[in-house]
Structure formats: structure tokens, C-alpha cells
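Heads up: the structure comes next, in C-alpha cells.
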Amino acid sequence: MFEGVFEALVALCSPVPLGFLVLGVVLGVWGGALPGVGGPAQLAVLLPFAMLMEPINCIAFLIGVTTVGNTGNTFTSVLVAVPGGSGSQATVLDGYPMAQKGEARRALSAAFMVSMLGGIFGAFVLFASLPVMKIIVRAFGSPELFMFTIWGLSMIGVLSTGAPLKGLTAGVLGVLLSTVGQDVKSGVMRFDFDQPYLWEGISVVLVSLSIFAIPEMIALAARKSRVAEVSELGESGMMQGIRDAFHHWWLVIRCSAIGCWVGILPGLGSDVADWFAYAHARQTVKNPETFGKGDVRGVIAPESSNNAKEGGALLTTLAFGIPGSTSMALLIIAFVGVGMNPGPDMLTGEIHYIYMIIWALVLSQILASVICWAMVKPAAKVCFLPFYALVPIILALTILSAFSAHFSMMDIIAVLVLSAFGYIMKVTGWPRAPIVLGFVLGQKVELYLWLSIARYDMNWITRPGVLIIGAIVAATLAWPLWSTLKQKRLAAARGAA
Amino acid sequence: MIKGTGCKRHRRAAMCFAAAGIFGLIVAPGMAAAEDFYKGKTLTMMIASRPGGGTDTTARLVARYIGKFIPGNPSVLVRNKPLQLIGANDLHNKVHPDGLTMGAFAGGGSLGPVLRKSNAVRYDLKSWEYVGTVERGSSVQIIRKSALERLKDPGKPPIAHGSVSTDRTQDAVAAFGAIYLGWNLKFVLGYPNSNAIYLAYGRGEIDMFGSGTDKILDRFIKQEGAVPLVVEAARNDYPGVPVFEELLKKKGLTDRQMGAYRQWTGSGVVDKYFALPPKTPAGLRDILRTAFMTMARDPEFKKQANTILGDGYRPIDGATTHKLIVGAIEADPEAVAIVKSMRAKLGLPQTMVKAPAPLAKVKFDAVQRGGRVLVFKHKGKSRKVRVSGSRTEITMGGKISPRGAVKTGMTCEVGWTKRGDRLEAQKIVCP
């Protein structure tokens with residue numbers, strides 16, 4: 001078996017496949033760095049070309065393109081508070097404040113290091129899970145997936161520190177927003193207000209751009225300043241970022257494991273991996289009060305998980321030949337087109353392709369991080385651009401990205417309406433992360449609850465997986481309360497003493 | 001040589017040559033125009049499903065090849081819509097009929113809602129222009145081998161049958177099997193797409209589903225412990241597997257009940273078809289039709305299609321597709337009633353249409369806000385009736401029309417009901 005593993009590496013490192021890998025990574029990073037360009041949209045454009053290649057070149061190229069977008073996403077998330085993609089929304093919460101404090105280099109450097117580590121972790125999990133792939137994927141049905149979404153929603157409380165009622169309201173609003181459009185089962189149009197545009201629902205791209213990006217740009221323009229509120233960037237930023245990544249190694253491992261898990265569970269979606277990891281970090285680290293104000297841990301957590309999930313996502317795709325996401329679906333189409341057979345057959349007759357995929361994943365993560373590191377210093381200077389130069393560019397990019405949701409002028413009107421809402425939330429002190437998390441999870445909550453009841457009636461509640469996850473949810477909700485109570489008792493005891 | 005014959009021959013040749021020249025002068029600009037139209041342009045393939053399923057796979061296969069066979073060789077760009085209904089509504093209402101956007105649909109997902117009179121339907125399939133169909137072979141119901149013993153035993157836990165909604169032919173087979181053949185089934189609806197259904201089977205969440213995709217059927221039968229239960233129509237690759245319609249006949253279903261079965265499975269008359277919006281110029285439609293059939297005969301396309309779709313696929317031309325679809329959507333009210341009662345019995349989503357309001361012939365004194373409000377007199381009373389973009393059905397000359405087409409002074413038949421504290425038009429029929 002190990003011979004095959006190293007043979008795959010040698011084959012992949014031949015000039016032609018390696019060249020395609022590099023090309024794929026460059027395109028993937030570039031697509032990820034530009035909001036609205038990367039992800040499935042970019043993959044769909046490149047697919048016809050990839051399907052003309054030999055299988056090994058196709059693997060190298062497409063894995064390179066598909067799995068590094070979250071690395072490239074980090075630039076805009078940190079530098080200008082524009083979520084570069086659905087996997088980098090949570091990074092904005094601490095990445096942008098770090099840029100404002102003049103720590104953009106540190107944030108980016110830490111992000112790229114943990115992206116690489118997380119991606120390699122995901123590849124390792126994929127390799128280690130080969131013998132038990134199917135058992136892992138089969139262990140989770142709709143009831144367990146529903147409980148995971150409840151776990152995600154329980155994190156709204158974590159993200160609403162200081163304003164729990166506002167956070168809860170924002171979360172509920174996010175869930176309500178997710179119900180706009182047509183219901184799959186019955187065809188009923190919900191909250192469409194007679195507008196054909198709303199039949200398809202609201203795009204997650206629109207919501208995240210409107211709630212985060214545009215309000216920040218408006219605030220920047222109103223302040224008439226620049227992103228960085230300091231006069232110069234520290235020279236030690238890049239090395240400090242790398243040190244941060246290793247200093248918080250245990251957080252990296254935990255969040256990578258979370259990312260892997262989310263990737264393995266088809267249907268949860270990549271846009272929740274970073275939120276789960278961020279909320280977990282906030283709940284479990286010491287001194288979480290610095291989160292949201294430029295804490296590097298708030299960057300490390302989501303960035304390690306959103307790359308680790310790639311290995312997890314490939315697990316389901318390769319185990320069954322059935323994709324768990326749009327990107328994986330496109331990947332399968334390409335693989336089938338070049339003569340491969342993703343699925344159980346690949347585990348027996350074509351295992352060398354799987355080894356190639358794993359190595360391509362590892363090499364892509366390393367390469368992407370190296371490319372991005374090389375761009376950190378010039379990119380960080382964006383923080384010093386005056387608002388009148390930066391804001392128009394970012395607004396134009398954001399509007400273009402919003403337009404890519406449905407290629408309709410109504411996309412632009414929708415983003416303007418939602419941005420106004422997001423700005424009002426910002427100036428009135430309402431936490432915005434819960435509305436995005438509620439929106440992202442809303443449809444999944446409804447879907448899995450419906451499927452659970454339709455399949456199991458109310459008996460789904462007593463499934464072991466449901467009970468275990470329910471206990472974890474209860475523990476994560478109770479832990480902060482218990483911690484606070486304990487601290488109060490200790491403080492009271494000290495005071496009495 | 002007979003005198004005069006050589007001259008006749010030369011005259012004939014000259015006339016032929018002149019006719020050819022005139023013909024070329026007439027046709028060539030047209031051909032040049034056809035070539036000019038698509039040159040440098042992009043043809044958008046709007047796939048009415050999420051990526052990865054049967055519709056998406058088939059459409060992407062066609063998208064890869066069809067550009068080569070269209071004069072001018074346009075690029076082909078693929079875009080996905082999340083649901084069949086949404087894609088169909090968009091093709092009818094939003095896409096310009098300029099020959100640059102083609103929709104890819106599944107018969108079940110787009111015809112099904114029409115056949116069950118869903119009021120989410122905002123499209124008229126009769127008015128579409130059809131390019132062609134890729135027919136993959138009829139669907140097969142597969143069931144987990146270990147679940148077979150529960151199929152006809154109502155005393156045991158029911159077998160979970162997974163589906164997206166209930167518009168596909170395989171859903172009709174399951175429903176009729178449950179009602180008329182005593183199948184012990186439980187319907188689990190709402191999976192977002194076919195991939196989610198396959199995963200659910202793999203996880204053991206469901207034990208039965210229907211599919212027409214050869215690769216999926218092969219995989220689940222050979223590797224996932226499934227057996228074919230019935231086929232919708234006879235298939236060479238499944239000899240010995242009962243044909244469902246024959247099972248129903250043996251059971252002694254009445255003509256009306258069989259009619260209801262054909263009504264529900266009418267959506268399966270075409271598998272994956274390609275269509276243009278209404279009022280697309282016939283010339284452009286014909287270019288695409290020709291390209292489609294030429295592509296279908298291309299050896300390279302056939303090789304890829306066999307790999308991806310299996311051996312059982314066949315192309316159907318646009319004109320035949322049109323006939324099949326129009327024929328399928330002529331709904332028999334009795335059949336619709338039977339289907340409706342079956343759906344109620346099985347707890348499946350019902351049609352959404354309320355009892356139709358009676359139509360009254362009125363003349364519009366005023367049409368306000370771009371057709372959103374109609375003002376007219378009825379039985380001596382002045383009425384102000386709202387027109388919904390999604391709930392009101394408007395036809396002019398028998399064709400579905402937007403509310404902006406309604407003008408002051410028109411005389412039409414209007415049916416309206418109370419909605420909250422306002423009156424809303426259900427139906428407007430104008431000559």
C-alpha cells in the first residue's frame with residue numbers, strides 16, 4: 001500500500017502534472033481573493049478545459065483550483081472586511097479589527113500558516129479514513145444533521161456577547177430571511193411579495209456582503225480615514241503570525257477537526273465550518289472578551305477549519321461517488337468525463353487516483369500558502385490607502401460580486417436594501433454575525449427537521465446520535481454559564497477572605 | 001447525334017445552373033446570416049437543477065458539444081437554477097427570446113407541477129420552442145434487498161421511499177404501488193436533489209427510490225444491496241423485471257384509474273429536454289434543433305454519452321419533443337381528481353388551487369400601477385381589485401400574459417376573491 005502512496009506522489013511531481021497543479025492553485029487563489037469570482041462559478045468555467053486532460057493532470061488542476069479558494073479568500077476578509085467567500089465570513093470579525101490596529105500582516109500570516117496546517121490535517125484525515133469511509137458517512141442521518149444545525153444555532157449566543165437578546169433576534173431574523181423563496185417539497189412560494197426575483201430565495205453571497213462589507217465601507221467613508229488606525233505596520237507582523245499559529249497549536253487541531261467533520265457531513269455546507277470553529281474557539285479559550293476586537297485566535301480558528309473541511313468533503317465524494325456540495329458535484333462530473341469512476345470502485349480498482357487526490361490536496365495547500373505569503377507585504381499596504389481610493393474600488397467589487405448571485409439588476413437593489421439594514425445594525429450596536437449564521441443554517445434546520453419527522457415520526461429524538469449531540473449542545477450552552485458562576489464564587493470567596 | 005438534342009441539353013444545363021445560382025443567392029445570405037448570428041456570441045445553458053444530478057449531468061454533456069455544431073460556433077456557458085419550477089418560471093418570464101439562452105429541464109420536475117395544477121406554475125409549456133430531448137430510458141424502482149420482506153406486510157415497519165417532491169414518474173409508480181398493489185410504503189419527501197436521495201439510501205435512511213440513471217442503478221444494485229423491483233417501461237438491460245403498468249392491469253384497474261396513472265406519469269413522456277422561451281424566432285430555433293440532432297450523431301458525443309449516461313439513451317428531435325409535451329399536458333379532469341384523492345390518502349402535497357371564483361365580464365375603467373390594480377364596475381358597484389404577479393392567472397388570446405398587458409378600456413372576464421381586507425383577482429381572461 002505504501003508503495004502505491006509514494007508512486008502517486010512521484011507521478012504527481014512530474015513536470016506536466018505539477019505544472020497543472022501550480023496553474024490550478026494560482027487560479028484558485030486568484031479566484032478566492034476576488035469576491036464572487038471563485039468557488040463553483042470559477043470551477044464551472046474551467047471544467048470544459050479540465051475534461052480535455054489526462055486523468056492525472058485533471059486531478060492536479062482541479063484539486064488545485066477547488067481546494068485553495070478559502071486561502072485566497074482571507075485577503076479581502078482581513079484587509080477590507082469583505083468576505084471573500086462563504087468560508088471566510090467569520091474571519092472578518094477579528095481579521096478586520098486586526099487590520100485596523102495595524103496588524104494586517106500578522107493576521108494574514110497566521111491565517112495562511114493555519115490554512116496550510118488545516119488543509120494538511122484534512123488530507124491526513126482523508127487518508128486515514130480510507131478503510132472506514134463508508135462507516136463514517138453512514139453514521140449520520142437527517143436527525144443527527146438537524147442536531148448539528150441546532151448546535152450551530154446555539155452559537156448565536158456566543159456571537160452575541162453583551163447583547164444576547166439582540167443576538168437572538170438577529171438570529172431569528174436570519175432564519176426568517178432563509179425561508180424566502182420556494183419550498184422544495186410543496187412548491188409554495190414564501191415571502192415573495194409578488195416578486196419573481198424572490199422565487200429563488202436570497203443568495204448567501206448577498207447577505208454576507210450586505211451585512212459585513214458595505215456597512216464597513218460606509219463607516220470608513222464616514223470617518224474619512226483609512227483602514228489602519230496606526231501610522232505604520234509593524235515589521236515583525238509576518239513572523240509573529242507564524243509564531244501565533246504554532247503557539248495556538250491545540251486550537252488549530254481542534255478547529256481543523258471541526259472543519260473536517262463539517263466537510264464529512266454532506267449537506268451542512270462549507271459556509272458553516274468557519275462559524276462553528278469561531279464559536280467553538282470563543283467558547284473555550286481563556287479571555288474570550290478580546291474576540292471581536294482583533295484577537296488573532298479569532299482568525300486562526302475559522303481559517304484552519306475552512307481548509308480542513310476540503311479533506312472531509314472529498315471523503316463523501318470518493319466513498320460514494322456522490323457529491324455533498326456544488327464544488328464536489330462539478331469535480332465528479334470532470335472526473336467521470338476523463339474516465340475515472342468516483343465511488344466505491346475507486347477504492348478497489350483505482351486507489352492510485354485517490355492517493356493522487358490526497359497528495360494533490362497536500363501540495364495545493366502548501367503552494368497556496370506560499371503564494372499568499374509572498375503577497376502579504378504588498379497586500380497589507382491596502383490598509384493605508386485613503387478612503388477615497390479604497391471605498392469606490394471595494395464597493396464596485398462588492399456590487400459585481402452581488403450581481404453574480406442571479407445576474408440580475410435586482411441583485412444590486414437587494415444588496416443596497418440589505419446593506420442599509422446592515423449599516424443600521426452596525427451603528428445601533430446590534431451584533432451582525434448572528435443574522436448571517438441564522439441565514440446560513442436556517443434552510444438546513446428546516447430541511448433536516450422535516451426529513452427527520454417524515455422518516456422517523458417523533459422517534460428520531462431517541463436516536464443515540466441525537467442524544468449525544470444534544471448533550472454536547474447542552475454542555476456548550478451550559479459551559480459559559482458554569483464558568484461565570486465559578487468565577488463569581490471564587491471572587492466572592494476571595495472577597496470574603 | 002440527333003439534331004437539336006445537344007442544344008436542348010445545353011439549354012437545360014444553363015437553366016439548372018441559373019436556378020442554382022438564384023437559389024444560392026436566396027439561401028446563401030440566410031446561411032451567412034445564420035452563421036453570423038451566433039459568431040462571437042455566448043449561448044447560455046440554464047440548467048433547472050442543482051449541479052450533480054441527472055439533469056445537470058446530461059445538460060453539461062450537451063453543453064460541451066453543441067457549440068461545435070451551431071454555425072458560428074458560439075461559446076456555451078452553463079448556469080444552474082436550484083429547482084425545476086424556478087428554472088421553468090424564469091425561462092418563461094425572464095429570459096429574452098433572442099436564441100441565446102436555452103433551458104435544460106427534466107420532464108418530471110417541469111411537467112409534474114403543470115399536471116397537478118400547482119399555482120406555483122408561471123409558465124406555459126405549449127408556448128415554448130423545443131430543441132430536443134435526451135431520453136435515457138425509463139426509470140427503475142430499486143429497493144434494498146433486506147427490505148423486500150416488508151414490502152407487502154403492513155404489520156411490519158413501512159419501507160421509506162425517498163424523493164424530492166412527487167412530480168416524477170418514479171413517484172407515481174410508488175404511489176400507485178402503495179394504493180393498488182398494497183406496497184407498505186412511507187414517503188419521505190424534501191430531499192433537495194437526487195444526490196441527497198442516493199446519500200440517504202447509502203446511510204440507510206431510506207430503502208427505496210426510483211432512478212433512470214444507468215450508472216446509479218448499476219452501482220446500487222451491484223454494490224449497495226439493492227434489487228430492481230419494477231420498471232416503468234420494458235428495458236433490455238432489466239429482463240425479467242416486471243413492467244409496472246402491466247402489474248396494474250393485472251390487478252384490474254379501471255380505465256379511469258389507468259388514465260390517472262398515465263396522467264401522473266405523463267411527465268415522463270420526455271426525460272431531459274432542452275427548450276427556448278416563447279416567441280424565439282423560428283429560424284434560431286431551427287438552427288439549434290439541427291445542431292442538437294447533428295451533435296447526437298457525432299461519434300465523439302456518442303462515446304461520451306455512453307460513458308456518462310449508459311447505453312440506453314437516445315435523442316429525440318425538437319418537433320417530436322413539442323408534440324409529446326403538448327400531448328401530455330392535456331389534463332383529463334377525472335384523472336386529476338383521482339390523483340388528487342390518492343395524494344390526499346398518502347399525505348402527499350396537494351394542489352394549491354382554491355375553488356375558482358366565478359368569472360364576470362367587466363370593462364376596466366382604469367388600470368393603475370402598471371396593471372397591479374384594476375378598477376371596474378360590477379353589478380352597479382365600483383370595484384378595486386388587486387392583480388398579483390404570482391397568484392393571478394392572466395391570459396390574452398389564450399396565452400399567458402403579464403399584468404402590464406392589461407389596459408384601460410379592455411373588456412375581460414375576471415374572477416376575484418377576498419384576500420385579507422382586499423379583493424384580489426384569481427383569473428383574468430381577455431380576448
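Residues are referred to by chain and number: the chain letter is A, B, ... according to the order shown in the C-alpha cells, the number counts from 1 in that chain, and ligands are numbered separately from 1 in the order shown.
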Practice problem: Please provide as a list in words all residues within 12 Å of B:Lys377, with the sequence filter that same-chain residues fewer than 3 positions apart are discarded (counting only C-alpha atoms). | Solution: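 Final neighbour list, sorted by chain and number: Ala360, Lys361, Val362, Lys363, Phe364, Asp365, Ala366, Leu374, Gly380, Lys381, Ser382, Arg383, Lys384, Val385, Gly409, Thr411 and Val414 of chain B.
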Practice problem: May I have the residues of chain B within 9 Å of chain A, counting only C-alpha atoms, written as an MDAnalysis selection string? | Solution: chainID B and resid 50:53 57 60:61 64 77:79 81:83 85:86 89:90 93:94 113 118:121 160 164:166 186:192 195:196 198:200 202:206 219 223 304 307:308 348:352 388:391
Quiz item: Do you know which residues are at most 9 Å from B:Tyr65 counting only C-alpha atoms, after dropping those on the same chain fewer than 5 positions away, and could you put them as a list in words?
Solution: Arg60, Val76, Met295, Glu300 and Phe301 of chain B
Please produce an output containing C-alpha atoms for each residue in the selection, written as a PDB file, in the first residue's frame.
```
ATOM      1  CA  ARG B  60     -23.424  19.675 -19.230  1.00  0.00           C
ATOM      2  CA  VAL B  76     -21.628  27.754 -24.297  1.00  0.00           C
ATOM      3  CA  MET B 295     -24.420  16.565 -32.275  1.00  0.00           C
ATOM      4  CA  GLU B 300     -17.317  11.591 -30.018  1.00  0.00           C
ATOM      5  CA  PHE B 301     -20.543  12.720 -28.377  1.00  0.00           C
TER       6      PHE B 301
END
```
Exercise. Tell me which protein, DNA and RNA residues are within 8 Å of B:Phe209, counting only C-alpha atoms, leaving out same-chain ones fewer than 3 positions away, and put them as a PyMOL selection string.
Key: chain B and resi 141-143+161-163+170+197+206
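For stretch 96-157 of chain B, a DSSP pass over the backbone yields strand (DSSP E) at Thr101, Met102, Gly103, Ala104, Phe105, Ala106, Glu129, Tyr130, Val131, Gly132, Thr133, Val134, Glu135, Val140, Gln141, Ile142, Ile143 and Arg144 of chain B.
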Quiz item: When DSSP works through the backbone of this structure, what residues of stretch 87-198 of chain B end up as helix (DSSP H, G or I), shown as a PyMOL selection string?
Solution: chain B and resi 87-93+107-115+125-127+145-150+169-180+194-198
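Atom CA of A:Asp274 is positioned 20.4 Å from atom CA of A:Ala475.
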